[in-house]
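Colleague: Just passing along the structure, written as structure tokens.
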Amino acid sequence: MKLFLFDFDGVLADSLEVYEKTVTDCLKDIKQPLIESREEFLELFEDNFYASLKNKGIDLDEFMKAAESILAKVKIKDMKPFPDVAPVIQELHKKHCLIVVSSNDYASIKEALDLFNYDDYFRDIFGSDFMFSKKEKILYAAGKYNVELEDIYYIGDTTGDIKEGKQAGIKTVGVTWGWHGKEKMAAAKPDYLFDHPGELLQLN
């Protein structure tokens with residue numbers, strides 16, 4: 001059995017506009033409006049999202065408190081599953097363990113997976129309310145499911161995803177249908193770089 005760890009936003013869900021507004025609103029709420037453009041928003045994901053906020057002087061406790069009320073107003077139905085992802089996770093699920101590892105919160109991810117009819121395919125969701133560090137979440141999943149690091153793949157759409165996967169010592173899979181473009185993802189040097197969800201079946 002292999003362990004496939006999926007980032008949520010930008011890999012499973014087309015949620016850029018929804019999540020960009022959420023983060024922008026949270027920063028405005030705590031009176032630290034850092035983001036003036038989409039480019040600045042996406043720069044936060046060139047490393048761990050929460051580490052990026054902290055490096056810019058954001059109090060993470062204040063940010064998370066603001067996020068609680070703002071996330072409650074998010075319309076999950078505005079998020080859409082990426083086309084052609086469903087048959088891939090259906091196939092991988094037959095032989096392997098699938099888990100979501102994300103900077104988003106558990107409740108939003110769970111609601112979206114239910115809406116997409118993906119809820120039966122993922123054994124666990126490790127969101128922002130579990131740990132901030134994706135590296136630590138990856139290592140926790142490896143221990144919980146007793147899978148060797150060489151049999152674990154982290155599938156992400158940002159350079160920060162690839163960095164944290166490499167830090168955890170697992171195989172990294174960059175995808176180009178998400179938030180960071182192909183050139184930026186290639187520069188992060190993932191073990192695999194795919195342009196279409198169907199290519200993930202090469203890892204089956």
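Labeling convention for the structure tokens: chains A, B, ... as they appear, residues from 1 per chain, ligands from 1 in order of appearance.
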Please, which residues of segment 11-170 of chain A, numbered as in this document, come out strand (DSSP E) from DSSP, as a VMD selection string?
Modeller: chain A and resid 13 to 14 80 to 81 97 to 101 124 to 126 152 to 156
Colleague: Using only C-alpha atoms, which residues of segment 9-41 of chain A come within 12 Å of segment 181-194 of chain A, and what is the closest atom pair for each, with the distance in Å to one decimal? Give it as JSON lines, sorted by chain and residue number.
Modeller:
{"residue": "A:Gly10", "atom": "CA", "partner": "A:Gly181", "partner_atom": "CA", "distance": 11.0}
{"residue": "A:Val11", "atom": "CA", "partner": "A:Phe194", "partner_atom": "CA", "distance": 11.2}
{"residue": "A:Glu39", "atom": "CA", "partner": "A:Gly181", "partner_atom": "CA", "distance": 11.6}
Colleague: Keeping N, CA, C and O atoms, export the residues of the selection given above as a PDB file, in the first residue's frame.
Modeller:
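The resulting file, again05.pdb, is shown below:
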ATOM      1  N   GLY A  10      -6.563  23.886  -4.921  1.00  0.00           N
ATOM      2  CA  GLY A  10      -5.692  23.900  -6.086  1.00  0.00           C
ATOM      3  C   GLY A  10      -5.340  22.532  -6.630  1.00  0.00           C
ATOM      4  O   GLY A  10      -4.794  22.430  -7.724  1.00  0.00           O
ATOM      5  N   VAL A  11      -5.645  21.477  -5.869  1.00  0.00           N
ATOM      6  CA  VAL A  11      -5.410  20.104  -6.344  1.00  0.00           C
ATOM      7  C   VAL A  11      -6.741  19.374  -6.503  1.00  0.00           C
ATOM      8  O   VAL A  11      -7.051  18.850  -7.568  1.00  0.00           O
ATOM      9  N   GLU A  39      -1.098  38.282  -6.999  1.00  0.00           N
ATOM     10  CA  GLU A  39       0.308  37.888  -6.970  1.00  0.00           C
ATOM     11  C   GLU A  39       0.850  37.877  -5.538  1.00  0.00           C
ATOM     12  O   GLU A  39       1.564  36.952  -5.144  1.00  0.00           O
TER      13      GLU A  39
END
Colleague: Need the shell around Lys73 of chain A: protein/DNA/RNA residues with any atom at most 12 Å away, counting only C-alpha atoms. Skip same-chain ones fewer than 3 positions apart. Format as a PDB file with N, CA and C atoms, in the first residue's frame?
Modeller:
ATOM      1  N   VAL A  18     -12.329  31.897  -3.698  1.00  0.00           N
ATOM      2  CA  VAL A  18     -12.955  31.778  -2.380  1.00  0.00           C
ATOM      3  C   VAL A  18     -11.921  31.949  -1.271  1.00  0.00           C
ATOM      4  N   TYR A  19     -10.796  31.257  -1.396  1.00  0.00           N
ATOM      5  CA  TYR A  19      -9.794  31.275  -0.334  1.00  0.00           C
ATOM      6  C   TYR A  19      -9.036  32.600  -0.321  1.00  0.00           C
ATOM      7  N   LYS A  21     -10.282  35.534  -1.004  1.00  0.00           N
ATOM      8  CA  LYS A  21     -11.167  36.484  -0.313  1.00  0.00           C
ATOM      9  C   LYS A  21     -11.172  36.217   1.192  1.00  0.00           C
ATOM     10  N   THR A  22     -11.168  34.942   1.573  1.00  0.00           N
ATOM     11  CA  THR A  22     -11.182  34.592   2.993  1.00  0.00           C
ATOM     12  C   THR A  22      -9.944  35.127   3.704  1.00  0.00           C
ATOM     13  N   ASP A  25      -9.969  38.956   3.867  1.00  0.00           N
ATOM     14  CA  ASP A  25     -10.915  39.427   4.883  1.00  0.00           C
ATOM     15  C   ASP A  25     -10.371  39.220   6.295  1.00  0.00           C
ATOM     16  N   CYS A  26      -9.688  38.097   6.521  1.00  0.00           N
ATOM     17  CA  CYS A  26      -9.106  37.836   7.841  1.00  0.00           C
ATOM     18  C   CYS A  26      -8.049  38.885   8.177  1.00  0.00           C
ATOM     19  N   ALA A  66      -9.905  35.398  13.821  1.00  0.00           N
ATOM     20  CA  ALA A  66     -10.673  36.073  12.772  1.00  0.00           C
ATOM     21  C   ALA A  66     -11.199  35.059  11.761  1.00  0.00           C
ATOM     22  N   ALA A  67     -10.393  34.046  11.490  1.00  0.00           N
ATOM     23  CA  ALA A  67     -10.778  33.040  10.496  1.00  0.00           C
ATOM     24  C   ALA A  67     -12.016  32.257  10.917  1.00  0.00           C
ATOM     25  N   GLU A  68     -12.188  32.048  12.214  1.00  0.00           N
ATOM     26  CA  GLU A  68     -13.338  31.269  12.694  1.00  0.00           C
ATOM     27  C   GLU A  68     -14.655  31.864  12.216  1.00  0.00           C
ATOM     28  N   SER A  69     -14.822  33.178  12.413  1.00  0.00           N
ATOM     29  CA  SER A  69     -16.091  33.805  12.024  1.00  0.00           C
ATOM     30  C   SER A  69     -16.205  33.982  10.514  1.00  0.00           C
ATOM     31  N   ILE A  70     -15.079  34.255   9.871  1.00  0.00           N
ATOM     32  CA  ILE A  70     -15.113  34.480   8.424  1.00  0.00           C
ATOM     33  C   ILE A  70     -15.331  33.167   7.667  1.00  0.00           C
ATOM     34  N   ILE A  76     -19.245  27.065   0.627  1.00  0.00           N
ATOM     35  CA  ILE A  76     -18.470  25.952   0.077  1.00  0.00           C
ATOM     36  C   ILE A  76     -18.963  25.570  -1.314  1.00  0.00           C
ATOM     37  N   LYS A  77     -20.237  25.817  -1.566  1.00  0.00           N
ATOM     38  CA  LYS A  77     -20.785  25.471  -2.888  1.00  0.00           C
ATOM     39  C   LYS A  77     -20.141  26.294  -4.007  1.00  0.00           C
ATOM     40  N   ASP A  78     -19.453  27.378  -3.634  1.00  0.00           N
ATOM     41  CA  ASP A  78     -18.752  28.174  -4.642  1.00  0.00           C
ATOM     42  C   ASP A  78     -17.441  27.514  -5.080  1.00  0.00           C
ATOM     43  N   SER A 108     -14.268  22.986   6.538  1.00  0.00           N
ATOM     44  CA  SER A 108     -14.483  23.415   5.147  1.00  0.00           C
ATOM     45  C   SER A 108     -14.128  22.297   4.171  1.00  0.00           C
TER      46      SER A 108
END
Colleague: Give me the residues within 10 Å of segment 167-175 of chain A as a PyMOL selection string, counting only C-alpha atoms and dropping any in the same chain fewer than 4 places off.
Modeller: chain A and resi 4-6+10-11+134-139+142+148-159+161-163+179-182+185-186+188-197+199-200+203
Colleague: Considering only alpha helix (DSSP H) as DSSP defines it on the backbone, what residues of chain A qualify? List them as a ChimeraX atom specification.
Modeller: /A:16-29,38-43,49-55,60-71,86-93,106-115,134-144,159-168,182-187
Colleague: Point out the residue among A:Lys166, A:Leu3, A:Gln32, A:Ser128 with the least atom-to-atom distance to Lys144 of chain A, counting only C-alpha atoms.
Modeller: A:Leu3
Colleague: Neighbouring residues of Asp59 of chain A were defined as those with any atom within 12 Å, considering only C-alpha atoms; residues of the same chain fewer than 4 positions away were excluded. Please report them as a list in words.
Modeller: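 Close residues of Asp59 of chain A: Cys26, Leu27, Ile30, Lys31, Gln32, Tyr50, Ala51, Ser52, Leu53, Lys54, Asn55, Phe63, Met64, Lys65 and Ala66 of chain A.
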Colleague: Would you export the selected residues with N, CA, C and O atoms as a compact mmCIF listing (two decimals), in the first residue's frame, please?
Modeller:
# COMPACT_ATOMS: atom_id res chain seq x y z
N CYS A 26 -9.69 38.10 6.52
CA CYS A 26 -9.11 37.84 7.84
C CYS A 26 -8.05 38.88 8.18
O CYS A 26 -8.00 39.39 9.31
N LEU A 27 -7.21 39.22 7.21
CA LEU A 27 -6.15 40.20 7.44
C LEU A 27 -6.73 41.60 7.66
O LEU A 27 -6.24 42.36 8.50
N ILE A 30 -8.11 41.88 11.27
CA ILE A 30 -7.13 42.11 12.33
C ILE A 30 -6.28 43.35 12.01
O ILE A 30 -5.24 43.58 12.63
N LYS A 31 -6.77 44.14 11.05
CA LYS A 31 -6.16 45.44 10.69
C LYS A 31 -4.71 45.31 10.22
O LYS A 31 -3.86 46.14 10.55
N GLN A 32 -4.45 44.25 9.46
CA GLN A 32 -3.14 44.07 8.82
C GLN A 32 -3.35 43.64 7.37
O GLN A 32 -3.00 42.51 6.99
N TYR A 50 1.40 29.51 6.80
CA TYR A 50 1.39 30.13 8.13
C TYR A 50 2.76 30.68 8.52
O TYR A 50 2.86 31.71 9.19
N ALA A 51 3.82 30.03 8.05
CA ALA A 51 5.17 30.56 8.27
C ALA A 51 5.33 31.87 7.51
O ALA A 51 5.95 32.82 8.02
N SER A 52 4.76 31.95 6.31
CA SER A 52 4.83 33.18 5.53
C SER A 52 4.13 34.33 6.24
O SER A 52 4.63 35.46 6.29
N LEU A 53 2.95 34.05 6.80
CA LEU A 53 2.23 35.08 7.56
C LEU A 53 3.04 35.54 8.76
O LEU A 53 3.17 36.75 9.02
N LYS A 54 3.59 34.58 9.49
CA LYS A 54 4.38 34.91 10.68
C LYS A 54 5.60 35.74 10.32
O LYS A 54 5.94 36.71 11.01
N ASN A 55 6.24 35.41 9.20
CA ASN A 55 7.42 36.16 8.76
C ASN A 55 7.08 37.59 8.38
O ASN A 55 7.95 38.46 8.37
N PHE A 63 -5.06 35.89 13.75
CA PHE A 63 -5.51 35.50 12.41
C PHE A 63 -6.51 34.35 12.49
O PHE A 63 -7.55 34.37 11.84
N MET A 64 -6.19 33.33 13.30
CA MET A 64 -7.06 32.16 13.40
C MET A 64 -8.39 32.50 14.07
O MET A 64 -9.43 31.94 13.73
N LYS A 65 -8.36 33.42 15.03
CA LYS A 65 -9.62 33.85 15.66
C LYS A 65 -10.51 34.54 14.64
O LYS A 65 -11.72 34.31 14.59
N ALA A 66 -9.90 35.40 13.82
CA ALA A 66 -10.67 36.07 12.77
C ALA A 66 -11.20 35.06 11.76
O ALA A 66 -12.32 35.18 11.26
Colleague: Determine the nearest neighbour of Asp9 of chain A from the options A:Ala86, A:Leu98, A:Val147, A:Met79, counting only C-alpha atoms.
Modeller: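 Looking only at the distances to Asp9 of chain A, the closest residue turns out to be A:Met79.
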